[in-house]
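Colleague: One file is attached below, work.cif, containing mmCIF, C-alpha atoms.
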data_upload
loop_
_atom_site.group_PDB
_atom_site.id
_atom_site.type_symbol
_atom_site.label_atom_id
_atom_site.label_comp_id
_atom_site.auth_asym_id
_atom_site.auth_seq_id
_atom_site.Cartn_x
_atom_site.Cartn_y
_atom_site.Cartn_z
ATOM 1 C CA MET A 166 -64.363 -5.399 10.394
ATOM 2 C CA LYS A 167 -63.193 -1.856 11.071
ATOM 3 C CA SER A 168 -60.697 -3.203 13.596
ATOM 4 C CA ILE A 169 -59.245 -5.632 11.055
ATOM 5 C CA THR A 170 -59.142 -2.970 8.354
ATOM 6 C CA LYS A 171 -57.416 -0.575 10.739
ATOM 7 C CA LYS A 172 -54.784 -3.166 11.618
ATOM 8 C CA VAL A 173 -54.158 -3.919 7.937
ATOM 9 C CA LEU A 174 -53.760 -0.213 7.195
ATOM 10 C CA ILE A 175 -51.330 0.248 10.073
ATOM 11 C CA PHE A 176 -49.315 -2.803 8.981
ATOM 12 C CA THR A 177 -49.261 -1.631 5.361
ATOM 13 C CA LEU A 178 -48.201 1.853 6.406
ATOM 14 C CA ALA A 179 -45.379 0.428 8.493
ATOM 15 C CA ILE A 180 -44.088 -1.609 5.544
ATOM 16 C CA VAL A 181 -44.292 1.347 3.150
ATOM 17 C CA THR A 182 -42.476 3.561 5.664
ATOM 18 C CA ALA A 183 -39.731 0.995 6.145
ATOM 19 C CA LEU A 184 -39.306 0.545 2.414
ATOM 20 C CA SER A 185 -39.200 4.293 1.966
ATOM 21 C CA PHE A 186 -36.321 4.637 4.405
ATOM 22 C CA THR A 187 -34.535 1.687 2.842
ATOM 23 C CA GLY A 188 -35.001 3.177 -0.604
ATOM 24 C CA CYS A 189 -33.710 6.543 0.565
ATOM 25 C CA GLY A 190 -30.636 4.880 2.021
ATOM 26 C CA LYS A 191 -29.824 3.139 -1.241
ATOM 27 C CA LYS A 192 -30.440 6.286 -3.246
ATOM 28 C CA ASP A 193 -28.034 8.256 -1.079
ATOM 29 C CA ASP A 194 -25.296 5.619 -1.473
ATOM 30 C CA SER A 195 -25.746 5.547 -5.231
ATOM 31 C CA SER A 196 -25.879 9.313 -5.422
ATOM 32 C CA SER A 197 -22.721 9.568 -3.352
ATOM 33 C CA GLU A 198 -20.876 7.271 -5.723
ATOM 34 C CA LYS A 199 -22.069 9.053 -8.831
ATOM 35 C CA SER A 200 -21.557 12.534 -7.446
ATOM 36 C CA ALA A 201 -17.794 12.029 -7.266
ATOM 37 C CA LYS A 202 -16.405 14.680 -9.593
ATOM 38 C CA LYS A 203 -15.012 13.529 -12.917
ATOM 39 C CA LEU A 204 -11.543 14.992 -13.143
ATOM 40 C CA VAL A 205 -10.471 16.590 -16.420
ATOM 41 C CA VAL A 206 -6.927 15.647 -17.438
ATOM 42 C CA ALA A 207 -5.589 18.196 -19.904
ATOM 43 C CA THR A 208 -2.987 17.227 -22.486
ATOM 44 C CA GLU A 209 -1.475 18.371 -25.781
ATOM 45 C CA PRO A 210 -1.462 15.355 -28.139
ATOM 46 C CA THR A 211 1.414 16.197 -30.490
ATOM 47 C CA PHE A 212 4.188 15.090 -28.162
ATOM 48 C CA PRO A 213 4.753 11.371 -28.854
ATOM 49 C CA PRO A 214 5.421 8.995 -27.210
ATOM 50 C CA PHE A 215 4.141 10.899 -24.170
ATOM 51 C CA ASP A 216 1.004 12.426 -25.658
ATOM 52 C CA THR A 217 -0.442 11.553 -29.050
ATOM 53 C CA THR A 218 -3.496 10.115 -30.805
ATOM 54 C CA ASN A 219 -3.969 6.533 -31.937
ATOM 55 C CA LYS A 220 -5.298 5.282 -35.287
ATOM 56 C CA ASP A 221 -8.858 5.742 -34.037
ATOM 57 C CA GLY A 222 -8.221 9.383 -33.221
ATOM 58 C CA GLU A 223 -8.296 8.779 -29.442
ATOM 59 C CA LEU A 224 -5.877 10.449 -27.030
ATOM 60 C CA ASP A 225 -3.076 8.021 -26.292
ATOM 61 C CA GLY A 226 0.510 7.798 -25.066
ATOM 62 C CA PHE A 227 2.707 7.140 -22.048
ATOM 63 C CA ASP A 228 1.163 9.995 -20.042
ATOM 64 C CA MET A 229 -2.337 8.729 -20.743
ATOM 65 C CA ASP A 230 -1.548 5.162 -19.661
ATOM 66 C CA LEU A 231 0.314 6.364 -16.582
ATOM 67 C CA MET A 232 -2.581 8.622 -15.592
ATOM 68 C CA LYS A 233 -5.082 5.779 -16.075
ATOM 69 C CA ALA A 234 -3.016 3.470 -13.855
ATOM 70 C CA ILE A 235 -2.794 6.097 -11.099
ATOM 71 C CA ALA A 236 -6.515 6.862 -11.384
ATOM 72 C CA LYS A 237 -7.372 3.169 -11.057
ATOM 73 C CA ASP A 238 -5.207 2.794 -7.963
ATOM 74 C CA GLN A 239 -6.700 5.893 -6.321
ATOM 75 C CA ASN A 240 -10.321 5.356 -7.503
ATOM 76 C CA LEU A 241 -10.334 8.594 -9.487
ATOM 77 C CA ASP A 242 -12.850 9.161 -12.281
ATOM 78 C CA ILE A 243 -10.992 10.895 -15.126
ATOM 79 C CA GLU A 244 -11.500 12.075 -18.681
ATOM 80 C CA PHE A 245 -8.901 13.442 -21.100
ATOM 81 C CA LYS A 246 -9.231 16.709 -23.003
ATOM 82 C CA SER A 247 -6.966 18.237 -25.621
ATOM 83 C CA PHE A 248 -5.574 21.786 -25.352
ATOM 84 C CA GLU A 249 -2.828 23.812 -27.011
ATOM 85 C CA PHE A 250 0.330 23.504 -24.906
ATOM 86 C CA ASP A 251 0.396 27.161 -23.890
ATOM 87 C CA ALA A 252 -3.266 26.886 -22.802
ATOM 88 C CA LEU A 253 -2.674 24.030 -20.325
ATOM 89 C CA ILE A 254 -1.748 26.078 -17.256
ATOM 90 C CA PRO A 255 -4.431 28.726 -17.941
ATOM 91 C CA ALA A 256 -6.952 25.843 -18.130
ATOM 92 C CA LEU A 257 -5.886 24.678 -14.665
ATOM 93 C CA LYS A 258 -6.044 28.161 -13.196
ATOM 94 C CA ALA A 259 -9.475 28.814 -14.711
ATOM 95 C CA GLY A 260 -10.890 25.526 -13.428
ATOM 96 C CA ASN A 261 -11.365 24.063 -16.916
ATOM 97 C CA ALA A 262 -8.988 21.217 -16.053
ATOM 98 C CA ASP A 263 -7.936 19.463 -12.840
ATOM 99 C CA ILE A 264 -4.681 17.816 -13.922
ATOM 100 C CA VAL A 265 -2.130 18.461 -16.659
ATOM 101 C CA ALA A 266 -0.473 15.363 -18.121
ATOM 102 C CA ALA A 267 1.586 16.607 -21.038
ATOM 103 C CA GLY A 268 5.286 15.917 -20.583
ATOM 104 C CA MET A 269 5.571 19.176 -18.663
ATOM 105 C CA ASN A 270 8.938 20.263 -17.267
ATOM 106 C CA SER A 271 8.566 20.763 -13.520
ATOM 107 C CA ASN A 272 11.944 22.494 -13.170
ATOM 108 C CA ASP A 273 10.585 25.654 -14.770
ATOM 109 C CA GLY A 274 10.602 28.411 -12.142
ATOM 110 C CA GLU A 275 7.741 30.380 -13.706
ATOM 111 C CA ARG A 276 5.490 27.334 -13.823
ATOM 112 C CA LYS A 277 6.200 26.508 -10.181
ATOM 113 C CA LYS A 278 4.792 29.902 -9.236
ATOM 114 C CA GLN A 279 1.518 29.131 -11.020
ATOM 115 C CA VAL A 280 0.855 25.419 -10.359
ATOM 116 C CA ASP A 281 1.851 22.578 -8.032
ATOM 117 C CA PHE A 282 3.747 19.613 -9.436
ATOM 118 C CA SER A 283 3.598 15.941 -8.541
ATOM 119 C CA LYS A 284 6.629 13.741 -8.088
ATOM 120 C CA THR A 285 8.612 13.531 -11.331
ATOM 121 C CA TYR A 286 8.173 10.490 -13.537
ATOM 122 C CA CYS A 287 10.705 11.083 -16.328
ATOM 123 C CA ASP A 288 14.074 12.810 -16.703
ATOM 124 C CA ALA A 289 14.704 14.395 -20.087
ATOM 125 C CA GLY A 290 16.404 17.356 -21.756
ATOM 126 C CA LEU A 291 16.570 19.317 -24.994
ATOM 127 C CA VAL A 292 18.292 18.303 -28.220
ATOM 128 C CA VAL A 293 18.927 19.836 -31.628
ATOM 129 C CA MET A 294 17.241 18.191 -34.623
ATOM 130 C CA VAL A 295 18.457 18.985 -38.151
ATOM 131 C CA LYS A 296 18.034 17.584 -41.653
ATOM 132 C CA LYS A 297 19.947 14.408 -42.452
ATOM 133 C CA ASP A 298 22.452 16.216 -44.715
ATOM 134 C CA SER A 299 22.970 19.226 -42.408
ATOM 135 C CA LYS A 300 26.508 20.213 -41.423
ATOM 136 C CA ILE A 301 25.327 21.461 -38.028
ATOM 137 C CA LYS A 302 26.896 19.313 -35.291
ATOM 138 C CA SER A 303 25.580 21.058 -32.190
ATOM 139 C CA ILE A 304 23.975 24.243 -30.905
ATOM 140 C CA LYS A 305 27.453 25.808 -31.041
ATOM 141 C CA ASP A 306 27.177 25.804 -34.842
ATOM 142 C CA PHE A 307 24.127 28.091 -34.838
ATOM 143 C CA LYS A 308 24.762 31.339 -36.726
ATOM 144 C CA SER A 309 23.277 34.811 -36.552
ATOM 145 C CA ASN A 310 21.467 34.386 -39.892
ATOM 146 C CA MET A 311 19.730 31.109 -38.990
ATOM 147 C CA LYS A 312 16.066 30.319 -38.298
ATOM 148 C CA VAL A 313 15.371 27.801 -35.540
ATOM 149 C CA ALA A 314 11.973 26.400 -34.562
ATOM 150 C CA SER A 315 10.457 24.963 -31.395
ATOM 151 C CA GLN A 316 7.030 24.380 -29.872
ATOM 152 C CA THR A 317 5.230 27.357 -28.335
ATOM 153 C CA GLY A 318 5.231 27.492 -24.535
ATOM 154 C CA THR A 319 7.854 24.770 -24.074
ATOM 155 C CA SER A 320 11.377 24.921 -22.661
ATOM 156 C CA GLY A 321 12.645 24.683 -26.231
ATOM 157 C CA GLY A 322 10.472 27.637 -27.172
ATOM 158 C CA LYS A 323 12.013 29.700 -24.380
ATOM 159 C CA LEU A 324 15.522 28.673 -25.422
ATOM 160 C CA ILE A 325 15.163 29.812 -29.033
ATOM 161 C CA GLU A 326 13.784 33.157 -27.833
ATOM 162 C CA LYS A 327 16.851 33.506 -25.606
ATOM 163 C CA LEU A 328 19.163 32.653 -28.512
ATOM 164 C CA LYS A 329 17.479 35.295 -30.654
ATOM 165 C CA LYS A 330 17.887 37.968 -27.968
ATOM 166 C CA GLN A 331 21.550 37.045 -27.686
ATOM 167 C CA GLY A 332 21.949 37.460 -31.449
ATOM 168 C CA LYS A 333 22.972 33.827 -31.925
ATOM 169 C CA ILE A 334 20.116 33.179 -34.392
ATOM 170 C CA ALA A 335 18.127 35.490 -36.660
ATOM 171 C CA ASP A 336 14.628 34.195 -36.003
ATOM 172 C CA ALA A 337 12.911 32.097 -33.332
ATOM 173 C CA VAL A 338 10.019 30.318 -35.046
ATOM 174 C CA SER A 339 7.393 29.224 -32.502
ATOM 175 C CA MET A 340 4.845 26.671 -33.694
ATOM 176 C CA LYS A 341 1.777 25.309 -31.910
ATOM 177 C CA LYS A 342 2.679 21.697 -32.643
ATOM 178 C CA PHE A 343 5.959 19.775 -32.725
ATOM 179 C CA ASP A 344 5.016 18.097 -36.010
ATOM 180 C CA ALA A 345 4.709 21.538 -37.599
ATOM 181 C CA CYS A 346 8.241 22.371 -36.436
ATOM 182 C CA VAL A 347 9.645 19.249 -38.076
ATOM 183 C CA LEU A 348 7.702 19.961 -41.277
ATOM 184 C CA GLN A 349 9.290 23.429 -41.362
ATOM 185 C CA LEU A 350 12.682 21.730 -41.014
ATOM 186 C CA ILE A 351 12.080 19.182 -43.771
ATOM 187 C CA ASN A 352 10.766 21.888 -46.106
ATOM 188 C CA GLY A 353 13.865 24.003 -45.510
ATOM 189 C CA ASP A 354 12.012 26.880 -43.840
ATOM 190 C CA VAL A 355 14.186 26.544 -40.720
ATOM 191 C CA GLU A 356 17.658 25.088 -40.237
ATOM 192 C CA ALA A 357 17.079 23.381 -36.903
ATOM 193 C CA VAL A 358 14.470 22.414 -34.332
ATOM 194 C CA ILE A 359 14.987 22.297 -30.567
ATOM 195 C CA ILE A 360 12.881 19.614 -28.918
ATOM 196 C CA ASP A 361 12.743 17.305 -25.898
ATOM 197 C CA LYS A 362 15.058 14.344 -26.369
ATOM 198 C CA PRO A 363 12.512 11.486 -25.886
ATOM 199 C CA VAL A 364 10.144 13.110 -28.376
ATOM 200 C CA GLY A 365 12.875 13.651 -30.953
ATOM 201 C CA GLU A 366 14.079 10.074 -30.595
ATOM 202 C CA ALA A 367 10.539 8.740 -30.959
ATOM 203 C CA TYR A 368 10.116 10.743 -34.175
ATOM 204 C CA LEU A 369 13.378 9.391 -35.637
ATOM 205 C CA ALA A 370 12.339 5.828 -34.809
ATOM 206 C CA LYS A 371 8.982 6.332 -36.506
ATOM 207 C CA LYS A 372 10.229 8.297 -39.531
ATOM 208 C CA PRO A 373 13.935 7.628 -40.103
ATOM 209 C CA GLY A 374 15.990 9.031 -42.979
ATOM 210 C CA LYS A 375 15.017 12.703 -43.179
ATOM 211 C CA THR A 376 16.285 14.146 -39.896
ATOM 212 C CA LYS A 377 18.866 13.484 -37.193
ATOM 213 C CA ILE A 378 19.734 14.577 -33.658
ATOM 214 C CA VAL A 379 23.090 16.257 -33.094
ATOM 215 C CA GLY A 380 25.143 17.410 -30.110
ATOM 216 C CA LYS A 381 24.685 16.778 -26.408
ATOM 217 C CA THR A 382 21.495 16.858 -24.356
ATOM 218 C CA MET A 383 20.890 20.337 -22.933
ATOM 219 C CA ASN A 384 18.835 21.814 -20.086
ATOM 220 C CA ALA A 385 18.024 18.795 -17.928
ATOM 221 C CA GLU A 386 14.267 18.487 -17.422
ATOM 222 C CA ALA A 387 12.020 16.436 -15.165
ATOM 223 C CA TYR A 388 8.448 15.722 -16.259
ATOM 224 C CA ALA A 389 5.615 15.766 -13.718
ATOM 225 C CA PHE A 390 1.834 16.152 -13.498
ATOM 226 C CA ALA A 391 0.488 19.584 -12.584
ATOM 227 C CA VAL A 392 -2.538 20.556 -10.499
ATOM 228 C CA LYS A 393 -4.047 23.880 -9.483
ATOM 229 C CA LYS A 394 -2.004 25.767 -6.885
ATOM 230 C CA GLY A 395 -3.022 24.652 -3.410
ATOM 231 C CA ASN A 396 -4.872 21.468 -4.423
ATOM 232 C CA LYS A 397 -2.997 19.354 -1.866
ATOM 233 C CA ASP A 398 -5.607 16.574 -1.697
ATOM 234 C CA LEU A 399 -5.414 15.762 -5.404
ATOM 235 C CA LEU A 400 -1.629 16.128 -5.435
ATOM 236 C CA GLU A 401 -1.328 13.640 -2.591
ATOM 237 C CA LYS A 402 -3.511 11.129 -4.450
ATOM 238 C CA LEU A 403 -1.402 11.444 -7.598
ATOM 239 C CA ASN A 404 1.800 10.909 -5.642
ATOM 240 C CA LYS A 405 0.379 7.942 -3.694
ATOM 241 C CA GLY A 406 -0.891 6.344 -6.897
ATOM 242 C CA PHE A 407 2.440 6.862 -8.624
ATOM 243 C CA GLU A 408 4.363 5.242 -5.769
ATOM 244 C CA ALA A 409 1.913 2.325 -5.757
ATOM 245 C CA ILE A 410 2.280 1.525 -9.461
ATOM 246 C CA LYS A 411 6.062 1.825 -9.213
ATOM 247 C CA LYS A 412 6.024 -0.685 -6.377
ATOM 248 C CA SER A 413 3.716 -3.050 -8.277
ATOM 249 C CA GLY A 414 5.893 -3.018 -11.409
ATOM 250 C CA GLU A 415 3.175 -1.413 -13.572
ATOM 251 C CA PHE A 416 5.306 1.688 -14.154
ATOM 252 C CA ASP A 417 8.164 -0.371 -15.613
ATOM 253 C CA LYS A 418 5.714 -2.170 -17.904
ATOM 254 C CA LEU A 419 4.459 1.159 -19.260
ATOM 255 C CA LYS A 420 8.010 2.388 -19.873
ATOM 256 C CA LYS A 421 8.790 -0.800 -21.766
ATOM 257 C CA LYS A 422 5.607 -0.411 -23.827
ATOM 258 C CA TRP A 423 6.255 3.184 -24.914
ATOM 259 C CA PHE A 424 10.054 3.393 -24.969
#
Could I get this structure in the form of structure tokens?

Modeller:
Amino acid sequence: MKSITKKVLIFTLAIVTALSFTGCGKKDDSSSEKSAKKLVVATEPTFPPFDTTNKDGELDGFDMDLMKAIAKDQNLDIEFKSFEFDALIPALKAGNADIVAAGMNSNDGERKKQVDFSKTYCDAGLVVMVKKDSKIKSIKDFKSNMKVASQTGTSGGKLIEKLKKQGKIADAVSMKKFDACVLQLINGDVEAVIIDKPVGEAYLAKKPGKTKIVGKTMNAEAYAFAVKKGNKDLLEKLNKGFEAIKKSGEFDKLKKKWF
């Protein structure tokens, strides 16, 4: 009896031990999958059609769709978070974000010193927006008594500051959001707004009749994603994913959808 009981106990122990190791193996695999860091993609959602919010209040736009497509191709787990535009790079540097997807100009020398940029995905530039009945035909018509607005921290924001220093305008009005700049224009608080061409065109298409774009495109820009300085692994994944969706035709579909 004792012999039989002993054999049963040994057999049972062997099974339990085997199951324990099997269970541990599965747990480790699952843990490994779930422990993959969720990457925070920082954006500034007042820059349509690149970065905006949909009718449900969710972050949306060309940048969001492009980032999702790249993440899917590269098996990246991402989530989007909203920041003020001038807080995007500080968020990267502080570790509060992993990627910036916000129609950011990668030609900016100061930014290149602070972050690393992916391959560019859109060529743009700056334009002058004025009221529909304005006599201003280009930036050459700006006068020393004028007020001109642009979004804080953008290339347009830097340009109006430069114009003010040169005495070509009286006041450079920096606003946190592009929509606020246009509202200032419509209300007559400023005489012009300097903004990225695709964004200005998207606004005119959505709300025609009150404003117009005048003059030639200025300051050629190239939009790219930004990552923390030295994060070569993530940068490589973004670039590989971008090349993959261009090759598959997904990139062209997204451009057609948003532009």

Colleague: What does the structure give for the distance between atom CA of A:Ala389 and atom CA of A:Asn404, in Å to one decimal?

Modeller: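 Separation between atom CA of A:Ala389 and atom CA of A:Asn404: 10.2 Å.
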
Colleague: Near A:Asp228, within 7 Å and counting only C-alpha atoms, which residues show up once chain neighbours fewer than 2 positions away are dropped, as number ranges by chain?

Modeller: A: 215-216, 226, 230-232, 266-267

Colleague: Mind checking which residues fall within 8 Å of A:Lys308, counting only C-alpha atoms, ignoring those fewer than 5 positions away in the same chain, and posting them as a PyMOL selection string?

Modeller: chain A and resi 333-335

Colleague: Between atom CA of A:Lys362 and atom CA of A:Leu399, what is the distance in Å, rounded to a tenth?

Modeller: 29.3 Å

Colleague: Would you compute the distance between atom CA of A:Gly322 and atom CA of A:Lys422? Give it in Å to one decimal.

Modeller: 28.7 Å

Colleague: Counting only C-alpha atoms, what is within 10 Å of stretch 280-288 of chain A, bar same-chain residues fewer than 2 positions away, as a PDB file with C-alpha atoms, in the frame of the given file?

Modeller:
ATOM      1  CA  ASP A 228       1.163   9.995 -20.042  1.00  0.00           C
ATOM      2  CA  LEU A 231       0.314   6.364 -16.582  1.00  0.00           C
ATOM      3  CA  ILE A 254      -1.748  26.078 -17.256  1.00  0.00           C
ATOM      4  CA  PRO A 255      -4.431  28.726 -17.941  1.00  0.00           C
ATOM      5  CA  LEU A 257      -5.886  24.678 -14.665  1.00  0.00           C
ATOM      6  CA  LYS A 258      -6.044  28.161 -13.196  1.00  0.00           C
ATOM      7  CA  ILE A 264      -4.681  17.816 -13.922  1.00  0.00           C
ATOM      8  CA  VAL A 265      -2.130  18.461 -16.659  1.00  0.00           C
ATOM      9  CA  GLY A 268       5.286  15.917 -20.583  1.00  0.00           C
ATOM     10  CA  MET A 269       5.571  19.176 -18.663  1.00  0.00           C
ATOM     11  CA  ASN A 270       8.938  20.263 -17.267  1.00  0.00           C
ATOM     12  CA  SER A 271       8.566  20.763 -13.520  1.00  0.00           C
ATOM     13  CA  ASN A 272      11.944  22.494 -13.170  1.00  0.00           C
ATOM     14  CA  GLU A 275       7.741  30.380 -13.706  1.00  0.00           C
ATOM     15  CA  ARG A 276       5.490  27.334 -13.823  1.00  0.00           C
ATOM     16  CA  LYS A 277       6.200  26.508 -10.181  1.00  0.00           C
ATOM     17  CA  LYS A 278       4.792  29.902  -9.236  1.00  0.00           C
ATOM     18  CA  GLY A 290      16.404  17.356 -21.756  1.00  0.00           C
ATOM     19  CA  LYS A 362      15.058  14.344 -26.369  1.00  0.00           C
ATOM     20  CA  PRO A 363      12.512  11.486 -25.886  1.00  0.00           C
ATOM     21  CA  ALA A 385      18.024  18.795 -17.928  1.00  0.00           C
ATOM     22  CA  GLU A 386      14.267  18.487 -17.422  1.00  0.00           C
ATOM     23  CA  ALA A 387      12.020  16.436 -15.165  1.00  0.00           C
ATOM     24  CA  TYR A 388       8.448  15.722 -16.259  1.00  0.00           C
ATOM     25  CA  ALA A 389       5.615  15.766 -13.718  1.00  0.00           C
ATOM     26  CA  PHE A 390       1.834  16.152 -13.498  1.00  0.00           C
ATOM     27  CA  ALA A 391       0.488  19.584 -12.584  1.00  0.00           C
ATOM     28  CA  VAL A 392      -2.538  20.556 -10.499  1.00  0.00           C
ATOM     29  CA  LYS A 393      -4.047  23.880  -9.483  1.00  0.00           C
ATOM     30  CA  LYS A 394      -2.004  25.767  -6.885  1.00  0.00           C
ATOM     31  CA  GLY A 395      -3.022  24.652  -3.410  1.00  0.00           C
ATOM     32  CA  ASN A 396      -4.872  21.468  -4.423  1.00  0.00           C
ATOM     33  CA  LYS A 397      -2.997  19.354  -1.866  1.00  0.00           C
ATOM     34  CA  LEU A 399      -5.414  15.762  -5.404  1.00  0.00           C
ATOM     35  CA  LEU A 400      -1.629  16.128  -5.435  1.00  0.00           C
ATOM     36  CA  GLU A 401      -1.328  13.640  -2.591  1.00  0.00           C
ATOM     37  CA  LYS A 402      -3.511  11.129  -4.450  1.00  0.00           C
ATOM     38  CA  LEU A 403      -1.402  11.444  -7.598  1.00  0.00           C
ATOM     39  CA  ASN A 404       1.800  10.909  -5.642  1.00  0.00           C
ATOM     40  CA  LYS A 405       0.379   7.942  -3.694  1.00  0.00           C
ATOM     41  CA  PHE A 407       2.440   6.862  -8.624  1.00  0.00           C
ATOM     42  CA  GLU A 408       4.363   5.242  -5.769  1.00  0.00           C
ATOM     43  CA  LYS A 411       6.062   1.825  -9.213  1.00  0.00           C
ATOM     44  CA  PHE A 416       5.306   1.688 -14.154  1.00  0.00           C
ATOM     45  CA  LYS A 420       8.010   2.388 -19.873  1.00  0.00           C
TER      46      LYS A 420
END

Colleague: Take the PyMOL selection byres ((chain A and resi 293) around 9), apply it to the structure above, and return the hits as a compact mmCIF listing (two decimals) with C-alpha atoms, keeping the file's coordinate frame.

Modeller:
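Saved to part-v6.txt:
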# COMPACT_ATOMS: atom_id res chain seq x y z
CA LEU A 291 16.57 19.32 -24.99
CA VAL A 292 18.29 18.30 -28.22
CA MET A 294 17.24 18.19 -34.62
CA VAL A 295 18.46 18.98 -38.15
CA LYS A 302 26.90 19.31 -35.29
CA SER A 303 25.58 21.06 -32.19
CA ILE A 304 23.98 24.24 -30.90
CA ALA A 357 17.08 23.38 -36.90
CA VAL A 358 14.47 22.41 -34.33
CA ILE A 359 14.99 22.30 -30.57
CA ILE A 360 12.88 19.61 -28.92
CA ASP A 361 12.74 17.30 -25.90
CA LYS A 362 15.06 14.34 -26.37
CA GLY A 365 12.88 13.65 -30.95
CA LYS A 377 18.87 13.48 -37.19
CA ILE A 378 19.73 14.58 -33.66
CA VAL A 379 23.09 16.26 -33.09
CA GLY A 380 25.14 17.41 -30.11
CA LYS A 381 24.68 16.78 -26.41
CA THR A 382 21.50 16.86 -24.36
CA MET A 383 20.89 20.34 -22.93

Colleague: Select, from A:Asp306, A:Gly318, A:Lys371, A:Asp344, the residue with the minimum atom-to-atom distance to A:Glu356, counting only C-alpha atoms.

Modeller: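 Among the listed residues, the smallest separation from A:Glu356 belongs to A:Asp306.
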
Colleague: Can you spell out as a VMD selection string the set of residues that the PyMOL selection byres ((chain A and resi 210) around 9) selects in the structure I just provided?

Modeller: chain A and resid 208 to 209 211 to 213 215 to 218 224 to 226 247 to 250 267 342

Colleague: Give me the residues within 9 Å of A:Ile325 as a PyMOL selection string, counting only C-alpha atoms and dropping any in the same chain fewer than 2 places off.

Modeller: chain A and resi 313-315+320-323+327-330+334+336-339+359

Colleague: For A:Ala262, which residue out of A:Ala207, A:Ala345, A:Ile235, A:Ile243 is the nearest one, using all atoms listed in the file?

Modeller: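 Looking only at the distances to A:Ala262, the closest residue turns out to be A:Ala207.
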
Colleague: Write out N, CA and C atoms for stretch 284-298 of chain A, as a CSV table (one decimal), in the frame of the given file.

Modeller:
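Contents of the output file result07.csv:
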chain,number,residue,atom,x,y,z
A,284,LYS,N,5.3,14.3,-8.0
A,284,LYS,CA,6.6,13.7,-8.1
A,284,LYS,C,7.0,13.5,-9.6
A,285,THR,N,8.2,13.7,-9.9
A,285,THR,CA,8.6,13.5,-11.3
A,285,THR,C,8.6,12.1,-11.8
A,286,TYR,N,8.2,11.9,-13.0
A,286,TYR,CA,8.2,10.5,-13.5
A,286,TYR,C,9.1,10.2,-14.7
A,287,CYS,N,9.8,11.3,-15.2
A,287,CYS,CA,10.7,11.1,-16.3
A,287,CYS,C,11.7,12.2,-16.4
A,288,ASP,N,13.0,11.8,-16.5
A,288,ASP,CA,14.1,12.8,-16.7
A,288,ASP,C,14.4,12.9,-18.2
A,289,ALA,N,14.5,14.2,-18.7
A,289,ALA,CA,14.7,14.4,-20.1
A,289,ALA,C,15.6,15.6,-20.3
A,290,GLY,N,15.6,16.2,-21.4
A,290,GLY,CA,16.4,17.4,-21.8
A,290,GLY,C,16.1,17.8,-23.2
A,291,LEU,N,16.8,18.8,-23.6
A,291,LEU,CA,16.6,19.3,-25.0
A,291,LEU,C,17.7,18.9,-25.9
A,292,VAL,N,17.3,18.7,-27.2
A,292,VAL,CA,18.3,18.3,-28.2
A,292,VAL,C,18.0,19.1,-29.5
A,293,VAL,N,19.0,19.1,-30.3
A,293,VAL,CA,18.9,19.8,-31.6
A,293,VAL,C,18.6,18.8,-32.7
A,294,MET,N,17.6,19.0,-33.5
A,294,MET,CA,17.2,18.2,-34.6
A,294,MET,C,17.5,19.0,-35.9
A,295,VAL,N,18.2,18.3,-36.9
A,295,VAL,CA,18.5,19.0,-38.2
A,295,VAL,C,18.2,18.0,-39.3
A,296,LYS,N,18.2,18.5,-40.5
A,296,LYS,CA,18.0,17.6,-41.7
A,296,LYS,C,19.2,16.6,-41.7
A,297,LYS,N,19.0,15.5,-42.4
A,297,LYS,CA,19.9,14.4,-42.5
A,297,LYS,C,21.3,14.9,-43.0
A,298,ASP,N,21.2,15.8,-44.0
A,298,ASP,CA,22.5,16.2,-44.7
A,298,ASP,C,23.0,17.5,-44.1
